[in-house]
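Input: a single structure, listed below in structure tokens.
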There are 2 protein chains.
Amino acid sequence: MTDTAALARRFVETLEARDWDAWSALLSPDVVYEMPQSRERIRGRENYREFNETYPGDWHLQPKVVIGDGVRAVVWFDWRLSAEGSGADEAGDAQVFLEFDDNGLITRVTDFWPEPYDPPERAPGLIERW
Amino acid sequence: MTDTAALARRFVETLEARDWDAWSALLSPDVVYEMPQSRERIRGRENYREFNETYPGDWHLQPKVVIGDGVRAVVWFDWRLSAEGSGADEAGDAQVFLEFDDNGLITRVTDFWPEPYDPPERAPGLIERW
């Protein structure tokens, strides 16, 4: 059975390393990348590589939780965007879901980029903030 | 090994059914529930149950992707909030990460509620919208 958790971790680590050849080698030629929040889709390994390789900013990714079941995997990761000069980094949590073919190549990538929000008014006494 | 994927699916299905006893039975008494986007935390099964049992609105949850590895699990689910009268439903994707103890009880629940956003300007030719 494919160790999809290990491949998912490698997916993020090779992105972080900008090791584009190693990263591309994880992907099926026909991989489909989707961002449901913005309803954006990229088809094909070459297009997806170009998108990432030219993505602006000094971004950094670090896995926090990796779960794989032999067919799919998810990585919950920290992202950080270093602001040049200003010192005001942006950071947050994001998730990437991966699907694999029988050869262990990634056929589908789905990103979620949840943003902070102010909580609605809640019943008192149940919730703490951090 | 605990079938964390099956328990994660049951977690969502018992929520959807408002079967609070069956849902509570999946939880450790000391479960911690967190929503990182709003930095909210609830400690304990009774408080978490009260929060969910009194959550307003006609909400519905349907699992799309479930991944479990025996220790953790994630559910990527559709949520839908039926608007009474107006017919204008809200809907979207969300994710819940679960951690389990050795007895298969859920010790930690982390929700992410990603919201739609308009994409930034992108290099032409790579991206399609849906």
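For the structure tokens, the naming scheme is as follows: chains receive sequential letters (A, B, ...) according to their order of presentation, residues are indexed from 1 within each chain, and ligands are indexed from 1 in presentation order.
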
Nearby residues (only C-alpha atoms) at most 8 Å from Ile127 (chain A), same-chain spacing under 5 positions excluded, as a ChimeraX atom specification
/A:122 /B:40-43

Filtering to N, CA and C atoms, could you give me those residues as a short mmCIF file (atom, residue, chain, number, x, y, z; two decimals), in the first residue's frame?
```cif
data_model
loop_
_atom_site.label_atom_id
_atom_site.label_comp_id
_atom_site.auth_asym_id
_atom_site.auth_seq_id
_atom_site.Cartn_x
_atom_site.Cartn_y
_atom_site.Cartn_z
N ARG A 122 -21.77 34.45 21.52
CA ARG A 122 -22.03 33.08 21.96
C ARG A 122 -22.66 33.12 23.35
N GLU B 40 -11.18 30.28 19.44
CA GLU B 40 -12.14 29.86 20.47
C GLU B 40 -11.85 28.42 20.88
N ARG B 41 -12.07 28.16 22.19
CA ARG B 41 -11.80 26.82 22.72
C ARG B 41 -12.90 26.47 23.73
N ILE B 42 -13.33 25.21 23.68
CA ILE B 42 -14.28 24.69 24.66
C ILE B 42 -13.65 23.44 25.28
N ARG B 43 -13.69 23.36 26.59
CA ARG B 43 -13.11 22.20 27.29
C ARG B 43 -14.23 21.35 27.88
#
```

Taking only residues of chain B that have an atom at most 10 Å from an atom of chain A, what is each one's shortest atom pair and its distance in Å to one decimal, using only C-alpha atoms, in chain and number order, as a Markdown table?
```
| residue | atom | partner | partner_atom | distance |
| --- | --- | --- | --- | --- |
| B:Ala5 | CA | A:Asp69 | CA | 9.1 |
| B:Tyr33 | CA | A:Ile127 | CA | 9.6 |
| B:Glu34 | CA | A:Arg129 | CA | 9.5 |
| B:Met35 | CA | A:Pro119 | CA | 9.5 |
| B:Pro36 | CA | A:Pro116 | CA | 7.7 |
| B:Gln37 | CA | A:Pro116 | CA | 4.1 |
| B:Ser38 | CA | A:Tyr117 | CA | 5.3 |
| B:Arg39 | CA | A:Trp130 | CA | 5.3 |
| B:Glu40 | CA | A:Arg129 | CA | 4.6 |
| B:Arg41 | CA | A:Glu128 | CA | 5.2 |
| B:Ile42 | CA | A:Ile127 | CA | 5.0 |
| B:Arg43 | CA | A:Leu126 | CA | 7.9 |
| B:Gly44 | CA | A:Leu126 | CA | 9.5 |
| B:Glu46 | CA | A:Leu126 | CA | 9.6 |
| B:Asn47 | CA | A:Leu126 | CA | 5.9 |
| B:Tyr48 | CA | A:Leu126 | CA | 7.8 |
| B:Glu50 | CA | A:Leu126 | CA | 8.3 |
| B:Phe51 | CA | A:Leu126 | CA | 7.2 |
| B:Thr54 | CA | A:Ala123 | CA | 8.9 |
| B:Tyr55 | CA | A:Arg122 | CA | 9.1 |
| B:Val65 | CA | A:Arg72 | CA | 9.0 |
| B:Val66 | CA | A:Arg72 | CA | 8.9 |
| B:Ile67 | CA | A:Asp69 | CA | 6.1 |
| B:Gly68 | CA | A:Asp69 | CA | 6.0 |
| B:Asp69 | CA | A:Asp69 | CA | 5.7 |
| B:Gly70 | CA | A:Asp69 | CA | 9.1 |
| B:Val71 | CA | A:Ile67 | CA | 8.9 |
| B:Arg72 | CA | A:Ile67 | CA | 6.9 |
| B:Ala73 | CA | A:Ile67 | CA | 6.8 |
| B:Val74 | CA | A:Ile67 | CA | 7.7 |
| B:Val75 | CA | A:Val74 | CA | 10.0 |
| B:Trp76 | CA | A:Phe97 | CA | 9.0 |
| B:Gly92 | CA | A:Gln37 | CA | 8.7 |
| B:Asp93 | CA | A:Pro36 | CA | 8.1 |
| B:Ala94 | CA | A:Phe112 | CA | 8.9 |
| B:Gln95 | CA | A:Gln95 | CA | 8.9 |
| B:Phe97 | CA | A:Trp76 | CA | 9.0 |
| B:Phe112 | CA | A:Pro114 | CA | 6.6 |
| B:Trp113 | CA | A:Pro114 | CA | 6.3 |
| B:Pro114 | CA | A:Pro114 | CA | 4.1 |
| B:Glu115 | CA | A:Gln37 | CA | 6.1 |
| B:Pro116 | CA | A:Gln37 | CA | 4.1 |
| B:Tyr117 | CA | A:Ser38 | CA | 5.2 |
| B:Asp118 | CA | A:Ser38 | CA | 5.5 |
| B:Pro119 | CA | A:Ser38 | CA | 5.4 |
| B:Pro120 | CA | A:Ser38 | CA | 9.1 |
| B:Arg122 | CA | A:Phe51 | CA | 8.8 |
| B:Ala123 | CA | A:Phe51 | CA | 8.0 |
| B:Gly125 | CA | A:Asn47 | CA | 8.8 |
| B:Leu126 | CA | A:Asn47 | CA | 5.9 |
| B:Ile127 | CA | A:Ile42 | CA | 5.0 |
| B:Glu128 | CA | A:Arg41 | CA | 5.2 |
| B:Arg129 | CA | A:Glu40 | CA | 4.6 |
| B:Trp130 | CA | A:Arg39 | CA | 5.3 |
```

Keeping only N, CA and C atoms, write the selected residues as a short mmCIF file (atom, residue, chain, number, x, y, z; two decimals), in the first residue's frame.
```
data_model
loop_
_atom_site.label_atom_id
_atom_site.label_comp_id
_atom_site.auth_asym_id
_atom_site.auth_seq_id
_atom_site.Cartn_x
_atom_site.Cartn_y
_atom_site.Cartn_z
N ALA B 5 -11.39 6.42 10.80
CA ALA B 5 -12.20 6.95 9.69
C ALA B 5 -13.68 6.66 9.93
N TYR B 33 -12.20 21.18 22.22
CA TYR B 33 -12.68 21.60 20.90
C TYR B 33 -12.11 22.97 20.58
N GLU B 34 -11.49 23.12 19.42
CA GLU B 34 -10.88 24.41 19.06
C GLU B 34 -11.30 24.85 17.66
N MET B 35 -11.47 26.16 17.52
CA MET B 35 -11.70 26.81 16.23
C MET B 35 -10.58 27.83 16.04
N PRO B 36 -9.48 27.45 15.39
CA PRO B 36 -8.32 28.34 15.31
C PRO B 36 -8.62 29.68 14.63
N GLN B 37 -9.56 29.72 13.71
CA GLN B 37 -9.79 30.98 12.99
C GLN B 37 -10.32 32.07 13.91
N SER B 38 -11.13 31.70 14.89
CA SER B 38 -11.67 32.68 15.84
C SER B 38 -10.99 32.57 17.20
N ARG B 39 -10.01 31.69 17.31
CA ARG B 39 -9.27 31.48 18.55
C ARG B 39 -10.24 31.19 19.70
N GLU B 40 -11.18 30.28 19.44
CA GLU B 40 -12.14 29.86 20.47
C GLU B 40 -11.85 28.42 20.88
N ARG B 41 -12.07 28.16 22.19
CA ARG B 41 -11.80 26.82 22.72
C ARG B 41 -12.90 26.47 23.73
N ILE B 42 -13.33 25.21 23.68
CA ILE B 42 -14.28 24.69 24.66
C ILE B 42 -13.65 23.44 25.28
N ARG B 43 -13.69 23.36 26.59
CA ARG B 43 -13.11 22.20 27.29
C ARG B 43 -14.23 21.35 27.88
N GLY B 44 -14.17 20.07 27.61
CA GLY B 44 -15.07 19.12 28.27
C GLY B 44 -16.26 18.74 27.42
N GLU B 46 -19.35 17.91 28.26
CA GLU B 46 -20.66 18.49 28.56
C GLU B 46 -20.79 19.89 27.96
N ASN B 47 -19.73 20.69 28.09
CA ASN B 47 -19.77 22.03 27.50
C ASN B 47 -19.87 21.98 25.97
N TYR B 48 -19.11 21.06 25.39
CA TYR B 48 -19.09 20.94 23.93
C TYR B 48 -20.46 20.48 23.42
N GLU B 50 -23.33 21.05 24.95
CA GLU B 50 -24.27 22.17 25.08
C GLU B 50 -24.10 23.17 23.93
N PHE B 51 -22.83 23.42 23.59
CA PHE B 51 -22.55 24.34 22.48
C PHE B 51 -23.21 23.86 21.19
N THR B 54 -27.22 23.66 21.28
CA THR B 54 -27.91 24.95 21.26
C THR B 54 -27.49 25.80 20.07
N TYR B 55 -26.70 25.23 19.15
CA TYR B 55 -26.21 26.04 18.03
C TYR B 55 -27.40 26.44 17.15
N VAL B 65 -15.04 13.69 2.11
CA VAL B 65 -13.80 12.91 2.15
C VAL B 65 -13.48 12.61 3.61
N VAL B 66 -13.23 11.34 3.91
CA VAL B 66 -12.85 10.93 5.26
C VAL B 66 -11.52 10.20 5.17
N ILE B 67 -10.55 10.60 5.97
CA ILE B 67 -9.23 9.96 5.99
C ILE B 67 -8.89 9.67 7.44
N GLY B 68 -8.54 8.42 7.73
CA GLY B 68 -8.13 8.05 9.08
C GLY B 68 -6.90 7.17 9.04
N ASP B 69 -6.09 7.26 10.08
CA ASP B 69 -4.85 6.47 10.12
C ASP B 69 -4.73 5.66 11.42
N GLY B 70 -5.82 5.52 12.17
CA GLY B 70 -5.77 4.74 13.40
C GLY B 70 -5.52 5.58 14.63
N VAL B 71 -5.02 6.78 14.46
CA VAL B 71 -4.74 7.68 15.58
C VAL B 71 -5.50 8.99 15.43
N ARG B 72 -5.54 9.47 14.20
CA ARG B 72 -6.23 10.72 13.87
C ARG B 72 -7.18 10.46 12.72
N ALA B 73 -8.00 11.44 12.45
CA ALA B 73 -8.85 11.40 11.26
C ALA B 73 -9.21 12.83 10.88
N VAL B 74 -9.62 12.98 9.63
CA VAL B 74 -10.14 14.25 9.15
C VAL B 74 -11.40 13.98 8.34
N VAL B 75 -12.35 14.88 8.45
CA VAL B 75 -13.52 14.85 7.58
C VAL B 75 -13.61 16.19 6.87
N TRP B 76 -13.61 16.14 5.57
CA TRP B 76 -13.93 17.28 4.72
C TRP B 76 -15.41 17.13 4.39
N GLY B 92 -21.11 25.54 2.00
CA GLY B 92 -19.67 25.60 1.78
C GLY B 92 -19.00 24.30 2.20
N ASP B 93 -17.66 24.35 2.14
CA ASP B 93 -16.82 23.23 2.57
C ASP B 93 -16.22 23.57 3.92
N ALA B 94 -16.07 22.56 4.77
CA ALA B 94 -15.35 22.74 6.02
C ALA B 94 -14.61 21.45 6.34
N GLN B 95 -13.71 21.52 7.34
CA GLN B 95 -12.91 20.37 7.73
C GLN B 95 -12.88 20.25 9.24
N PHE B 97 -10.66 18.06 12.12
CA PHE B 97 -9.58 17.13 12.47
C PHE B 97 -9.87 16.55 13.86
N PHE B 112 -12.16 23.84 10.90
CA PHE B 112 -11.80 24.94 9.99
C PHE B 112 -12.99 25.23 9.09
N TRP B 113 -13.30 26.52 8.97
CA TRP B 113 -14.45 26.99 8.19
C TRP B 113 -13.94 27.98 7.14
N PRO B 114 -13.35 27.48 6.06
CA PRO B 114 -12.81 28.39 5.02
C PRO B 114 -13.94 29.13 4.31
N GLU B 115 -13.72 30.39 4.05
CA GLU B 115 -14.75 31.20 3.37
C GLU B 115 -14.33 31.51 1.94
N PRO B 116 -15.29 31.74 1.07
CA PRO B 116 -14.95 32.09 -0.31
C PRO B 116 -14.18 33.41 -0.36
N TYR B 117 -13.31 33.54 -1.34
CA TYR B 117 -12.62 34.82 -1.55
C TYR B 117 -12.39 35.01 -3.04
N ASP B 118 -12.23 36.28 -3.42
CA ASP B 118 -11.91 36.58 -4.81
C ASP B 118 -10.43 36.34 -5.05
N PRO B 119 -10.08 35.66 -6.13
CA PRO B 119 -8.67 35.37 -6.36
C PRO B 119 -7.89 36.64 -6.66
N PRO B 120 -6.62 36.67 -6.26
CA PRO B 120 -5.76 37.78 -6.68
C PRO B 120 -5.52 37.72 -8.18
N ARG B 122 -3.71 36.84 -11.36
CA ARG B 122 -2.80 35.73 -11.61
C ARG B 122 -2.22 35.87 -13.01
N ALA B 123 -1.10 35.19 -13.23
CA ALA B 123 -0.55 35.11 -14.59
C ALA B 123 -1.59 34.47 -15.50
N GLY B 125 -3.47 32.34 -18.43
CA GLY B 125 -3.27 31.10 -19.17
C GLY B 125 -3.21 29.84 -18.34
N LEU B 126 -3.01 29.97 -17.02
CA LEU B 126 -2.85 28.78 -16.20
C LEU B 126 -4.13 28.32 -15.53
N ILE B 127 -5.00 29.28 -15.25
CA ILE B 127 -6.09 29.02 -14.32
C ILE B 127 -7.45 29.13 -15.00
N GLU B 128 -8.32 28.17 -14.67
CA GLU B 128 -9.72 28.28 -15.06
C GLU B 128 -10.54 28.50 -13.79
N ARG B 129 -11.72 29.14 -13.96
CA ARG B 129 -12.62 29.34 -12.82
C ARG B 129 -13.86 28.45 -13.00
N TRP B 130 -14.48 28.13 -11.89
CA TRP B 130 -15.77 27.44 -11.99
C TRP B 130 -16.78 28.10 -11.10
#
```

Taking only C-alpha atoms into account, which of A:Asp111, A:Asp102, A:Asp30, A:Glu13 comes nearest Arg45 (chain A)?
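Checking each candidate against Arg45 (chain A), we get A:Asp30 as the closest.
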
Pick from B:Leu81, B:Val31, B:Ala6, B:Met1, whichever lies nearest to Ile106 (chain B) using only C-alpha atoms:
B:Val31

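The nearest approach to Phe77 (chain A) among the residues A:Ala91, A:Leu105, A:Leu26, A:Leu61, with only C-alpha atoms taken into account, belongs to A:Leu61.
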
Please identify which residues in region 20-81 of chain A DSSP calls strand (DSSP E or B) from the backbone, and express them as an MDAnalysis selection string.
chainID A and resid 27:35 40:43 58:68 72:81

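Note that CA of Ser28 (chain B) and CA of Thr107 (chain B) are 5.4 Å apart.
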
Can you tell me, as a PyMOL selection string, what residues are no more than 12 Å from Ala17 (chain B) when counting only C-alpha atoms, ignoring any on the same chain fewer than 6 positions away?
chain B and resi 10-11+23+53+58-62

Write the residues you've just listed into a file as a PDB file, in the first residue's frame, and include N, CA, C and O atoms for each of them.
```pdb
ATOM      1  N   ARG B  10     -18.962   8.705  11.743  1.00  0.00           N
ATOM      2  CA  ARG B  10     -20.065   8.629  12.708  1.00  0.00           C
ATOM      3  C   ARG B  10     -20.192   9.944  13.479  1.00  0.00           C
ATOM      4  O   ARG B  10     -21.308  10.369  13.811  1.00  0.00           O
ATOM      5  N   PHE B  11     -19.065  10.570  13.763  1.00  0.00           N
ATOM      6  CA  PHE B  11     -19.073  11.870  14.445  1.00  0.00           C
ATOM      7  C   PHE B  11     -19.935  12.862  13.660  1.00  0.00           C
ATOM      8  O   PHE B  11     -20.799  13.546  14.220  1.00  0.00           O
ATOM      9  N   TRP B  23     -23.607  10.891  19.743  1.00  0.00           N
ATOM     10  CA  TRP B  23     -22.471  11.774  19.441  1.00  0.00           C
ATOM     11  C   TRP B  23     -21.572  11.919  20.675  1.00  0.00           C
ATOM     12  O   TRP B  23     -20.346  11.752  20.583  1.00  0.00           O
ATOM     13  N   GLU B  53     -25.622  21.498  20.860  1.00  0.00           N
ATOM     14  CA  GLU B  53     -27.061  21.247  20.995  1.00  0.00           C
ATOM     15  C   GLU B  53     -27.852  22.554  20.895  1.00  0.00           C
ATOM     16  O   GLU B  53     -29.025  22.546  20.479  1.00  0.00           O
ATOM     17  N   ASP B  58     -30.827  25.966  11.059  1.00  0.00           N
ATOM     18  CA  ASP B  58     -31.128  24.644  10.501  1.00  0.00           C
ATOM     19  C   ASP B  58     -29.942  24.174   9.674  1.00  0.00           C
ATOM     20  O   ASP B  58     -29.957  24.185   8.457  1.00  0.00           O
ATOM     21  N   TRP B  59     -28.868  23.740  10.377  1.00  0.00           N
ATOM     22  CA  TRP B  59     -27.616  23.381   9.712  1.00  0.00           C
ATOM     23  C   TRP B  59     -27.597  21.898   9.344  1.00  0.00           C
ATOM     24  O   TRP B  59     -28.185  21.066  10.023  1.00  0.00           O
ATOM     25  N   HIS B  60     -26.903  21.610   8.251  1.00  0.00           N
ATOM     26  CA  HIS B  60     -26.771  20.234   7.783  1.00  0.00           C
ATOM     27  C   HIS B  60     -25.342  19.974   7.339  1.00  0.00           C
ATOM     28  O   HIS B  60     -24.693  20.848   6.757  1.00  0.00           O
ATOM     29  N   LEU B  61     -24.875  18.782   7.637  1.00  0.00           N
ATOM     30  CA  LEU B  61     -23.489  18.380   7.387  1.00  0.00           C
ATOM     31  C   LEU B  61     -23.470  17.070   6.609  1.00  0.00           C
ATOM     32  O   LEU B  61     -24.215  16.145   6.945  1.00  0.00           O
ATOM     33  N   GLN B  62     -22.618  17.003   5.597  1.00  0.00           N
ATOM     34  CA  GLN B  62     -22.512  15.765   4.811  1.00  0.00           C
ATOM     35  C   GLN B  62     -21.045  15.486   4.486  1.00  0.00           C
ATOM     36  O   GLN B  62     -20.399  16.304   3.827  1.00  0.00           O
TER      37      GLN B  62
END
```
